[in-house]
Amino acid sequence: MEALRARTVATPLEAFTVMAICFGLPIHASVWAMLNGFPTGSGAFSDASFVRLIGHELLTAFVALFYLRVRGWDVASLRPLPTAAGVGMGVVLYVAMWVLGAMLVSPFETEAAEQPIQRMVQEAKLSLPMIVLTAVVNGTFEEVFLLGFLLRGLRAHGLSIALGAMLLVRVLYHLYQGPIGALWVLVFGLVVGLYYIASGKLWPAVVAHILGDIVPFLWN
């Protein structure tokens, strides 16, 4: 029984189930937005919409963690361990993402039409406390399940499969941002994914994600 509780390798069915629980509805909404021309209404980002996002992520996290515990997973191992050094590394990862993104994404941005994510950020009606709270919850939620569970859990099936599955779910979840936004998400996922593979540390990736959710609103 102890061996089962310490398990950290996911079967394909477990991986699919957890991703469906955590990201199924957001992926459906994101794909729908893409297929319907990225409709945006006023207040697409608002305190109310961020409260709903937090509620959804907390609820689905509870369901997914309960499912994993029942399946014999070492759920405690999914918890990020905050450290000061990890904060510093998170900043480094965030800067690295911007440098790499500028190299890979900027050439496409010069000729691209305004992206949905740009309009959504510009039209956002958000308070600073809600931006920060949502960034902390969302950054932790995504990296715990995409890196701590999916990438780590599928490594036994091949590193390329694990990394590819993590990047696929991450991009599908963010298609509502438009092609350029999705490309930035892909670059970010690649940076934190490779770092996690090399270090096994989750907290710096969470910090980088939190910064990625806060800085664009402050910059705007």
# chains A, B, ... in the order shown; residues from 1 in each chain; ligands from 1
call {"tool": "closest_atom_pairs", "arguments": {"of": "region 60-92 of chain A", "to": "region 20-29 of chain A", "cutoff": "9 Å", "atoms": "only C-alpha atoms", "output": "Markdown table"}}
result
| residue | atom | partner | partner_atom | distance |
| --- | --- | --- | --- | --- |
| A:Thr60 | CA | A:Cys22 | CA | 5.4 |
| A:Ala61 | CA | A:Cys22 | CA | 6.6 |
| A:Val63 | CA | A:Ile21 | CA | 7.5 |
| A:Ala64 | CA | A:Ile21 | CA | 6.4 |
call {"tool": "write_last_selection", "arguments": {"atoms": "N, CA and C atoms", "output": "PDB file, in the first residue's frame"}}
result
ATOM      1  N   THR A  60     -11.618  22.222  -9.606  1.00  0.00           N
ATOM      2  CA  THR A  60     -11.078  21.130 -10.414  1.00  0.00           C
ATOM      3  C   THR A  60      -9.782  20.579  -9.817  1.00  0.00           C
ATOM      4  N   ALA A  61      -9.013  21.438  -9.155  1.00  0.00           N
ATOM      5  CA  ALA A  61      -7.801  20.944  -8.483  1.00  0.00           C
ATOM      6  C   ALA A  61      -8.175  19.966  -7.382  1.00  0.00           C
ATOM      7  N   VAL A  63     -10.891  18.080  -7.205  1.00  0.00           N
ATOM      8  CA  VAL A  63     -11.374  16.845  -7.820  1.00  0.00           C
ATOM      9  C   VAL A  63     -10.212  16.027  -8.367  1.00  0.00           C
ATOM     10  N   ALA A  64      -9.285  16.692  -9.064  1.00  0.00           N
ATOM     11  CA  ALA A  64      -8.158  15.981  -9.666  1.00  0.00           C
ATOM     12  C   ALA A  64      -7.251  15.372  -8.604  1.00  0.00           C
TER      13      ALA A  64
END
call {"tool": "closest_residue", "arguments": {"among": "A:Met89, A:Ile180, A:Ala48, A:Leu104", "to": "Lys125 (chain A)", "atoms": "only C-alpha atoms"}}
result
A:Ala48
call {"tool": "closest_residue", "arguments": {"among": "A:Ala15, A:Val70, A:Leu151, A:Leu211", "to": "Val91 (chain A)", "atoms": "only C-alpha atoms"}}
result
A:Leu211
call {"tool": "residues_around", "arguments": {"residues": "Ser77 (chain A)", "least_positions_apart": "3", "cutoff": "12 Å", "atoms": "only C-alpha atoms", "output": "list in words"}}
result
Arg5, Ala6, Arg7, Thr8, Val9, Leu65, Leu68, Arg69, Trp73, Asp74, Pro80, Leu81, Val144, Phe145, Leu147, Gly148, Phe149, Arg152, Gly153, Gly200, Lys201 and Leu202 of chain A
